[in-house]
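Asker: Contents of query04.cif (mmCIF, C-alpha atoms):
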data_work
#
loop_
_atom_site.label_atom_id
_atom_site.label_comp_id
_atom_site.auth_asym_id
_atom_site.auth_seq_id
_atom_site.Cartn_x
_atom_site.Cartn_y
_atom_site.Cartn_z
CA MET A 1 -52.51 159.27 -40.37
CA ASN A 2 -52.06 160.96 -36.96
CA ILE A 3 -48.93 160.51 -34.82
CA LEU A 4 -48.87 161.49 -31.14
CA GLY A 5 -45.40 162.64 -30.06
CA ILE A 6 -44.19 162.61 -26.45
CA GLU A 7 -40.94 164.33 -25.41
CA THR A 8 -39.75 164.02 -21.77
CA SER A 9 -35.97 163.77 -22.05
CA CYS A 10 -35.12 166.56 -19.59
CA ASP A 11 -37.07 169.51 -18.17
CA ASP A 12 -39.52 170.20 -21.02
CA THR A 13 -42.74 168.26 -21.35
CA GLY A 14 -43.60 168.24 -25.05
CA ILE A 15 -46.78 166.80 -26.53
CA ALA A 16 -47.69 167.15 -30.21
CA ILE A 17 -49.74 165.57 -32.98
CA TYR A 18 -48.47 165.34 -36.55
CA SER A 19 -50.89 164.55 -39.35
CA LYS A 20 -49.74 163.12 -42.68
CA GLU A 21 -52.48 165.08 -44.40
CA LYS A 22 -52.40 168.36 -42.45
CA GLY A 23 -48.91 168.58 -40.94
CA LEU A 24 -48.46 169.72 -37.35
CA ILE A 25 -51.93 170.10 -35.86
CA SER A 26 -51.06 170.46 -32.18
CA ASN A 27 -47.91 171.35 -30.26
CA LYS A 28 -47.85 171.82 -26.47
CA ILE A 29 -44.68 172.58 -24.49
CA TYR A 30 -44.32 173.11 -20.76
CA THR A 31 -40.91 174.25 -19.52
CA GLN A 32 -40.37 173.48 -15.86
CA ASP A 33 -39.42 176.59 -13.89
CA ILE A 34 -38.73 174.95 -10.53
CA HIS A 35 -35.10 174.31 -11.55
CA LYS A 36 -34.32 178.04 -11.45
CA LEU A 37 -34.12 177.71 -7.67
CA TYR A 38 -31.17 175.32 -8.03
CA GLY A 39 -29.28 176.81 -10.98
CA GLY A 40 -29.77 173.70 -13.11
CA VAL A 41 -31.98 170.70 -13.70
CA VAL A 42 -32.70 168.44 -10.71
CA PRO A 43 -33.49 165.00 -12.21
CA GLU A 44 -35.93 163.82 -9.53
CA LEU A 45 -37.93 167.04 -9.68
CA ALA A 46 -37.99 166.86 -13.48
CA SER A 47 -39.47 163.36 -13.59
CA ARG A 48 -42.08 164.20 -10.94
CA ASP A 49 -43.20 167.25 -12.88
CA HIS A 50 -43.54 165.22 -16.09
CA ILE A 51 -45.84 162.81 -14.22
CA LYS A 52 -47.87 165.73 -12.92
CA ARG A 53 -48.52 167.31 -16.32
CA ILE A 54 -48.30 164.74 -19.09
CA SER A 55 -51.86 163.36 -19.03
CA THR A 56 -53.47 166.80 -18.97
CA MET A 57 -51.24 167.95 -21.82
CA ILE A 58 -52.16 164.93 -23.95
CA ASP A 59 -55.86 165.64 -23.38
CA SER A 60 -55.31 169.29 -24.29
CA SER A 61 -53.41 168.39 -27.44
CA LEU A 62 -56.13 165.98 -28.59
CA GLU A 63 -58.76 168.63 -27.94
CA GLU A 64 -56.83 171.24 -29.93
CA ALA A 65 -56.49 168.81 -32.84
CA LYS A 66 -60.17 167.83 -32.56
CA LEU A 67 -59.24 164.17 -32.16
CA ASN A 68 -59.67 161.39 -29.63
CA LEU A 69 -57.29 158.55 -28.83
CA THR A 70 -59.02 156.14 -31.19
CA MET A 71 -58.07 158.48 -34.05
CA ILE A 72 -54.33 158.23 -33.23
CA ASP A 73 -52.47 155.81 -35.51
CA ALA A 74 -49.18 155.58 -33.58
CA ILE A 75 -47.41 157.01 -30.55
CA ALA A 76 -43.80 158.20 -30.78
CA TYR A 77 -41.75 158.94 -27.68
CA THR A 78 -38.22 159.99 -26.80
CA VAL A 79 -36.27 156.89 -25.81
CA GLY A 80 -32.95 158.70 -25.19
CA PRO A 81 -30.58 160.23 -24.55
CA GLY A 82 -31.75 162.10 -21.48
CA LEU A 83 -32.48 161.77 -17.78
CA SER A 84 -33.47 158.21 -16.86
CA GLY A 85 -36.47 159.14 -14.71
CA SER A 86 -37.81 161.62 -17.24
CA LEU A 87 -37.40 159.18 -20.13
CA LEU A 88 -39.24 156.47 -18.16
CA VAL A 89 -42.28 158.72 -17.76
CA GLY A 90 -42.62 159.19 -21.51
CA ALA A 91 -41.91 155.52 -22.26
CA ALA A 92 -44.49 154.29 -19.74
CA VAL A 93 -47.23 156.63 -20.93
CA ALA A 94 -46.56 155.98 -24.64
CA ASN A 95 -46.59 152.20 -24.23
CA ALA A 96 -49.67 152.28 -21.99
CA ILE A 97 -51.60 154.29 -24.60
CA GLY A 98 -50.36 152.11 -27.45
CA PHE A 99 -51.33 148.90 -25.69
CA THR A 100 -54.75 150.32 -24.76
CA ILE A 101 -55.71 151.42 -28.28
CA ASN A 102 -53.75 148.63 -30.01
CA LYS A 103 -51.53 150.99 -32.02
CA PRO A 104 -47.75 150.89 -32.63
CA VAL A 105 -45.33 152.67 -30.31
CA ILE A 106 -42.21 154.16 -31.88
CA PRO A 107 -39.05 154.96 -29.86
CA ILE A 108 -37.24 158.06 -31.17
CA HIS A 109 -33.68 159.19 -30.58
CA HIS A 110 -33.82 162.72 -29.16
CA LEU A 111 -30.99 164.04 -31.34
CA GLU A 112 -32.54 162.57 -34.48
CA GLY A 113 -35.63 164.58 -33.64
CA HIS A 114 -33.64 167.79 -33.51
CA ILE A 115 -31.61 167.32 -36.68
CA LEU A 116 -34.63 166.29 -38.78
CA SER A 117 -36.99 168.96 -37.38
CA PRO A 118 -36.30 171.46 -40.22
CA LEU A 119 -37.75 168.91 -42.66
CA ILE A 120 -41.18 169.84 -41.30
CA ASN A 121 -40.86 173.10 -43.25
CA ASP A 122 -41.84 173.35 -46.92
CA ASP A 123 -38.36 174.70 -47.61
CA SER A 124 -36.12 171.91 -46.34
CA PRO A 125 -32.59 170.65 -47.09
CA ASN A 126 -31.71 167.97 -49.58
CA LEU A 127 -30.02 164.81 -48.39
CA PRO A 128 -27.19 164.50 -47.61
CA PHE A 129 -26.65 167.57 -45.41
CA ILE A 130 -24.50 168.79 -42.54
CA ALA A 131 -26.22 169.30 -39.18
CA LEU A 132 -24.90 171.58 -36.46
CA LEU A 133 -26.68 170.50 -33.30
CA VAL A 134 -26.23 173.09 -30.55
CA SER A 135 -28.09 172.94 -27.26
CA GLY A 136 -27.57 172.91 -23.51
CA GLY A 137 -26.35 169.34 -23.62
CA HIS A 138 -24.90 168.87 -27.10
CA SER A 139 -22.61 170.56 -29.58
CA GLN A 140 -22.02 168.29 -32.55
CA LEU A 141 -21.37 168.44 -36.28
CA ILE A 142 -23.14 165.56 -38.01
CA LEU A 143 -23.10 164.24 -41.55
CA VAL A 144 -26.70 163.22 -42.31
CA GLU A 145 -26.34 160.81 -45.21
CA SER A 146 -29.95 159.61 -45.08
CA ILE A 147 -32.69 159.24 -42.49
CA GLY A 148 -31.20 156.90 -39.90
CA LYS A 149 -27.62 157.09 -41.18
CA TYR A 150 -25.50 159.61 -39.27
CA LYS A 151 -21.79 160.22 -38.82
CA ILE A 152 -20.31 162.48 -36.13
CA LEU A 153 -17.71 164.77 -37.74
CA GLY A 154 -16.90 166.77 -34.63
CA GLU A 155 -18.21 167.52 -31.15
CA THR A 156 -17.38 169.42 -28.02
CA LEU A 157 -14.65 167.92 -25.88
CA ASP A 158 -16.07 169.50 -22.73
CA ASP A 159 -18.95 171.93 -22.18
CA ALA A 160 -21.71 172.30 -24.77
CA ALA A 161 -22.32 175.74 -26.25
CA GLY A 162 -25.68 176.11 -24.53
CA GLU A 163 -24.21 174.97 -21.23
CA THR A 164 -21.50 177.60 -21.61
CA PHE A 165 -24.13 180.31 -22.12
CA ASP A 166 -25.93 179.11 -18.98
CA LYS A 167 -22.78 179.14 -16.85
CA ILE A 168 -21.66 182.57 -18.04
CA ALA A 169 -25.13 183.94 -17.30
CA LYS A 170 -24.85 182.53 -13.79
CA MET A 171 -21.46 184.26 -13.37
CA LEU A 172 -23.21 187.50 -14.32
CA GLY A 173 -25.92 186.92 -11.72
CA TYR A 174 -28.78 185.61 -13.89
CA ASP A 175 -31.07 182.61 -13.42
CA TYR A 176 -31.01 179.31 -15.29
CA PRO A 177 -31.49 178.92 -18.22
CA GLY A 178 -29.08 181.65 -19.25
CA GLY A 179 -29.02 181.72 -23.04
CA VAL A 180 -31.84 184.25 -23.34
CA HIS A 181 -30.21 186.51 -20.73
CA ILE A 182 -26.90 186.50 -22.59
CA ALA A 183 -28.59 187.21 -25.94
CA ASN A 184 -30.57 190.13 -24.51
CA MET A 185 -27.57 191.68 -22.76
CA ALA A 186 -25.37 191.20 -25.81
CA LYS A 187 -27.68 193.44 -27.84
CA GLN A 188 -26.62 196.34 -25.62
CA GLY A 189 -22.93 195.51 -25.42
CA THR A 190 -19.77 195.66 -27.52
CA ASP A 191 -17.14 193.00 -28.11
CA LEU A 192 -14.69 194.76 -25.82
CA PHE A 193 -12.96 191.80 -24.19
CA LYS A 194 -12.17 189.58 -27.22
CA PHE A 195 -12.30 186.33 -25.26
CA THR A 196 -10.30 183.29 -26.33
CA ARG A 197 -11.74 180.97 -28.95
CA PRO A 198 -10.36 177.51 -28.10
CA MET A 199 -9.47 175.18 -30.98
CA ILE A 200 -10.88 177.58 -33.57
CA ASN A 201 -7.80 177.20 -35.78
CA SER A 202 -7.39 173.48 -35.19
CA GLU A 203 -7.76 171.18 -38.20
CA SER A 204 -10.02 169.02 -36.06
CA LEU A 205 -13.76 169.65 -36.22
CA ASP A 206 -14.01 169.08 -32.48
CA MET A 207 -14.87 172.06 -30.29
CA SER A 208 -14.01 173.25 -26.80
CA PHE A 209 -15.73 175.84 -24.63
CA SER A 210 -14.35 175.26 -21.12
CA GLY A 211 -11.34 177.51 -21.71
CA LEU A 212 -13.64 180.31 -22.80
CA LYS A 213 -15.74 179.84 -19.68
CA THR A 214 -12.62 180.02 -17.52
CA SER A 215 -11.45 183.14 -19.33
CA VAL A 216 -14.77 184.87 -18.65
CA ASN A 217 -14.72 183.79 -15.01
CA LEU A 218 -11.23 185.20 -14.47
CA LYS A 219 -12.16 188.48 -16.18
CA ILE A 220 -15.24 188.89 -13.99
CA LYS A 221 -13.17 188.18 -10.87
CA TYR A 222 -10.62 190.82 -11.89
CA LEU A 223 -13.28 193.42 -12.66
CA LYS A 224 -15.04 192.84 -9.34
CA GLU A 225 -11.79 193.12 -7.39
CA ASN A 226 -11.14 196.49 -9.07
CA ASN A 227 -14.72 197.81 -8.71
CA LEU A 228 -15.22 197.83 -12.48
CA PHE A 229 -18.12 195.40 -12.63
CA ASP A 230 -21.12 197.58 -13.55
CA GLU A 231 -24.14 197.00 -15.82
CA THR A 232 -22.37 198.23 -18.95
CA THR A 233 -19.52 195.84 -18.25
CA LYS A 234 -22.01 192.97 -17.95
CA TYR A 235 -23.42 193.82 -21.37
CA ASN A 236 -19.91 193.89 -22.86
CA ILE A 237 -19.01 190.54 -21.28
CA ALA A 238 -22.21 188.99 -22.65
CA LYS A 239 -21.47 190.38 -26.12
CA SER A 240 -17.86 189.22 -26.11
CA ALA A 241 -18.84 185.74 -24.90
CA GLU A 242 -21.58 185.44 -27.52
CA GLU A 243 -19.20 186.52 -30.28
CA ALA A 244 -16.60 183.95 -29.20
CA ILE A 245 -19.06 181.04 -28.97
CA THR A 246 -20.74 181.79 -32.29
CA ASP A 247 -17.39 182.31 -34.04
CA ILE A 248 -16.35 178.80 -33.00
CA LEU A 249 -19.62 177.26 -34.18
CA VAL A 250 -19.54 178.94 -37.58
CA LYS A 251 -15.85 178.25 -38.20
CA LYS A 252 -16.21 174.56 -37.38
CA THR A 253 -19.28 174.28 -39.59
CA LEU A 254 -17.40 175.82 -42.49
CA GLY A 255 -14.69 173.23 -41.85
CA ALA A 256 -17.26 170.43 -42.11
CA VAL A 257 -18.54 171.85 -45.40
CA GLN A 258 -15.01 172.06 -46.77
CA LEU A 259 -14.30 168.48 -45.70
CA THR A 260 -17.44 166.96 -47.22
CA GLY A 261 -18.25 169.32 -50.09
CA ILE A 262 -21.85 169.49 -48.85
CA CYS A 263 -23.26 173.03 -48.65
CA ASP A 264 -26.75 172.37 -47.26
CA VAL A 265 -26.56 172.91 -43.48
CA VAL A 266 -29.14 172.38 -40.76
CA VAL A 267 -28.67 174.31 -37.51
CA ALA A 268 -30.86 172.86 -34.75
CA GLY A 269 -31.19 172.79 -30.97
CA GLY A 270 -31.92 175.59 -28.51
CA VAL A 271 -28.88 177.70 -29.48
CA SER A 272 -30.04 177.71 -33.13
CA SER A 273 -32.44 180.55 -32.24
CA ASN A 274 -29.53 182.85 -31.36
CA LEU A 275 -29.71 185.82 -33.76
CA THR A 276 -25.98 186.51 -33.74
CA LEU A 277 -25.32 182.93 -34.84
CA ARG A 278 -27.94 183.20 -37.59
CA ASN A 279 -26.56 186.51 -38.83
CA LYS A 280 -23.06 185.03 -39.09
CA PHE A 281 -24.36 182.11 -41.13
CA THR A 282 -26.21 184.55 -43.39
CA SER A 283 -22.88 186.16 -44.28
CA THR A 284 -21.52 182.81 -45.53
CA GLN A 285 -22.28 181.21 -48.88
CA LEU A 286 -24.02 178.27 -47.23
CA LYS A 287 -27.66 177.32 -47.63
CA VAL A 288 -28.73 177.11 -43.99
CA PHE A 289 -32.00 175.67 -42.68
CA TYR A 290 -33.48 176.10 -39.20
CA PRO A 291 -36.41 174.52 -37.39
CA PRO A 292 -39.44 176.77 -36.90
CA ASN A 293 -38.68 179.02 -33.91
CA LYS A 294 -41.12 177.16 -31.67
CA LEU A 295 -39.28 173.89 -32.45
CA CYS A 296 -35.74 175.00 -31.61
CA THR A 297 -35.93 173.82 -27.99
CA ASP A 298 -37.10 170.36 -26.91
CA ASN A 299 -40.59 169.61 -28.20
CA GLY A 300 -42.99 166.82 -29.02
CA ALA A 301 -43.47 167.96 -32.63
CA MET A 302 -40.04 166.76 -33.73
CA ILE A 303 -40.69 163.40 -32.05
CA ALA A 304 -44.09 163.02 -33.72
CA TYR A 305 -42.66 163.98 -37.11
CA VAL A 306 -39.72 161.54 -36.95
CA GLY A 307 -42.16 158.92 -35.70
CA PHE A 308 -44.16 159.48 -38.88
CA LEU A 309 -41.00 159.09 -41.00
CA ARG A 310 -40.04 155.90 -39.18
CA LEU A 311 -43.52 154.37 -39.30
CA GLU A 312 -43.60 154.62 -43.10
CA ASN A 313 -40.69 152.15 -43.28
CA SER A 314 -41.14 149.79 -40.30
CA THR A 315 -43.59 148.21 -37.89
CA PHE A 316 -42.91 148.56 -34.17
CA ASN A 317 -43.53 146.53 -31.05
CA TYR A 318 -44.03 147.67 -27.45
CA SER A 319 -40.92 148.21 -25.35
CA PHE A 320 -40.09 149.94 -22.08
CA ASP A 321 -36.38 150.21 -22.90
CA ILE A 322 -34.74 153.61 -22.51
CA TYR A 323 -31.23 154.70 -23.53
CA PRO A 324 -30.02 157.60 -21.36
CA ARG A 325 -26.59 157.72 -23.06
CA LEU A 326 -27.09 156.25 -26.54
CA PRO A 327 -24.76 157.89 -29.12
CA LEU A 328 -26.45 158.99 -32.33
CA GLU A 329 -24.23 156.71 -34.42
CA ASP A 330 -25.63 153.71 -32.49
CA ILE A 331 -29.22 154.62 -33.35
CA ASP A 332 -29.93 151.26 -34.99
CA THR A 333 -29.85 149.71 -31.50
CA ILE A 334 -33.25 151.28 -30.87
CA TYR A 335 -34.94 150.10 -34.01
CA GLN A 336 -33.46 146.62 -34.20
CA GLN A 337 -34.80 145.84 -30.72
CA ASN A 338 -38.25 147.35 -31.26
CA LYS A 339 -39.19 146.20 -34.76
CA LEU A 340 -41.72 143.39 -35.14
#
Please express the file's structure as structure tokens.
Answerer:
Amino acid sequence: MNILGIETSCDDTGIAIYSKEKGLISNKIYTQDIHKLYGGVVPELASRDHIKRISTMIDSSLEEAKLNLTMIDAIAYTVGPGLSGSLLVGAAVANAIGFTINKPVIPIHHLEGHILSPLINDDSPNLPFIALLVSGGHSQLILVESIGKYKILGETLDDAAGETFDKIAKMLGYDYPGGVHIANMAKQGTDLFKFTRPMINSESLDMSFSGLKTSVNLKIKYLKENNLFDETTKYNIAKSAEEAITDILVKKTLGAVQLTGICDVVVAGGVSSNLTLRNKFTSTQLKVFYPPNKLCTDNGAMIAYVGFLRLENSTFNYSFDIYPRLPLEDIDTIYQQNKL
């Protein structure tokens, strides 16, 4: 069984093929760089770029896997959440292919793709588990009771962790996306500034990062006004910001484990590749699982894999519906409307 996965929720075009017999046999990702000019994702440009590249990437993925379309058994695509225009590109292409080759088309919730992506590994968590989903758009703690049954235990009340990294990098003069810049600078810095860690001692599992962002902004303004803003200072700011963000994420995850008694933890999303975050989890007593490094950011592999899991339990119809803002806990909305 071969599942073609299509991911177009934001500014990454992801195409992959997952085989029941062989595992992941192709994984292509194109990250749009045009958005660097604007300091963030421009939705219209994102959807146009998906249109420009998606067909060629599908052909390339099939060639790499030594398959043709007639050898594809189902097509899975990201149905939401995400940018409307970008989601429509993936939905249209997936349904067009499915109708042409008379194969099922499976809509996949983007966040479900992320939190189940570590299951692709041989060493994977047992159900139930806690998922910490941290990316540019999401920071959530999720109880994964079974595939398709999710409960939000806590989430950010404002900025996401990845978004905070991006904005702090911009304050320091670096291009979007900023997470890699912060991580690289932090390696050369020290935690000199000890920035605030909002809500870290709250009994709630919710998180907040906007106060940290404001604290960093005010510190940079002060340093510039007093001619103290040099390269070493930038490294120290990056280190202090990284320490604060990762402290919050780890502390809240430990709170979720204490609340539920579940010690298997999945950390997924773009921020899951941050080495400081991983090192802090290593120092805990938790059993922590990560996606393969190439699957931390948005990708088609996680969509193809969850499509495979879903196809084993249901039959799907064609649908051009998209859900730009569908909460994870309402995931059944997708499958109830698309099952035959």
Asker: Can you list what the PyMOL selection byres ((chain A and resi 100) around 12) grabs from this structure, as a list in words?
Answerer: Leu69, Thr70, Ile72, Ala74, Ile75, Val93, Ala94, Asn95, Ala96, Ile97, Gly98, Phe99, Ile101, Asn102, Lys103, Pro104, Val105 and Tyr318 of chain A
Asker: Up to 8 Å from (-24.8, 173.1, -39.2) in the file's coordinates: name the residues, counting only C-alpha atoms, as a PyMOL selection string.
Answerer: chain A and resi 130-133+141-142+253+265-268+288
Asker: Rank nothing, just name the residue among A:Thr190, A:Asn293, A:Ser84, A:Ser146 nearest to Ser9 in chain A, using all atoms listed in the file.
Answerer: A:Ser84
Asker: For the file shown, what are the residues hit by the PyMOL selection byres ((chain A and resi 88) around 10), laid out as a list in words?
Answerer: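 With the PyMOL selection byres ((chain A and resi 88) around 10) on this model, the match is Thr8, Ser9, Ser47, His50, Ile51, Thr78, Val79, Gly80, Gly82, Leu83, Ser84, Gly85, Ser86, Leu87, Val89, Gly90, Ala91, Ala92, Val93, Ala94, Phe320, Asp321, Ile322, Tyr323 and Pro324 of chain A.
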Asker: In the coordinate frame of the file, compute which residues have an atom within 6 Å of (-38.5, 174.9, -39.6) when using all atoms listed in the file, and state them as a list in words.
Answerer: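 I get Pro118, Ile120, Asn121, Tyr290, Pro291 and Pro292 of chain A for the residues within 6 Å of that point.
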Asker: Between CA of Lys280 in chain A and CA of Asn236 in chain A, what is the spacing in Å?
Answerer: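 Distance reported for this atom pair: 18.8 Å.
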Asker: Distance CA of Ile15 in chain A-CA of His35 in chain A, one decimal place?
Answerer: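 CA of His35 in chain A lies 20.4 Å from CA of Ile15 in chain A.
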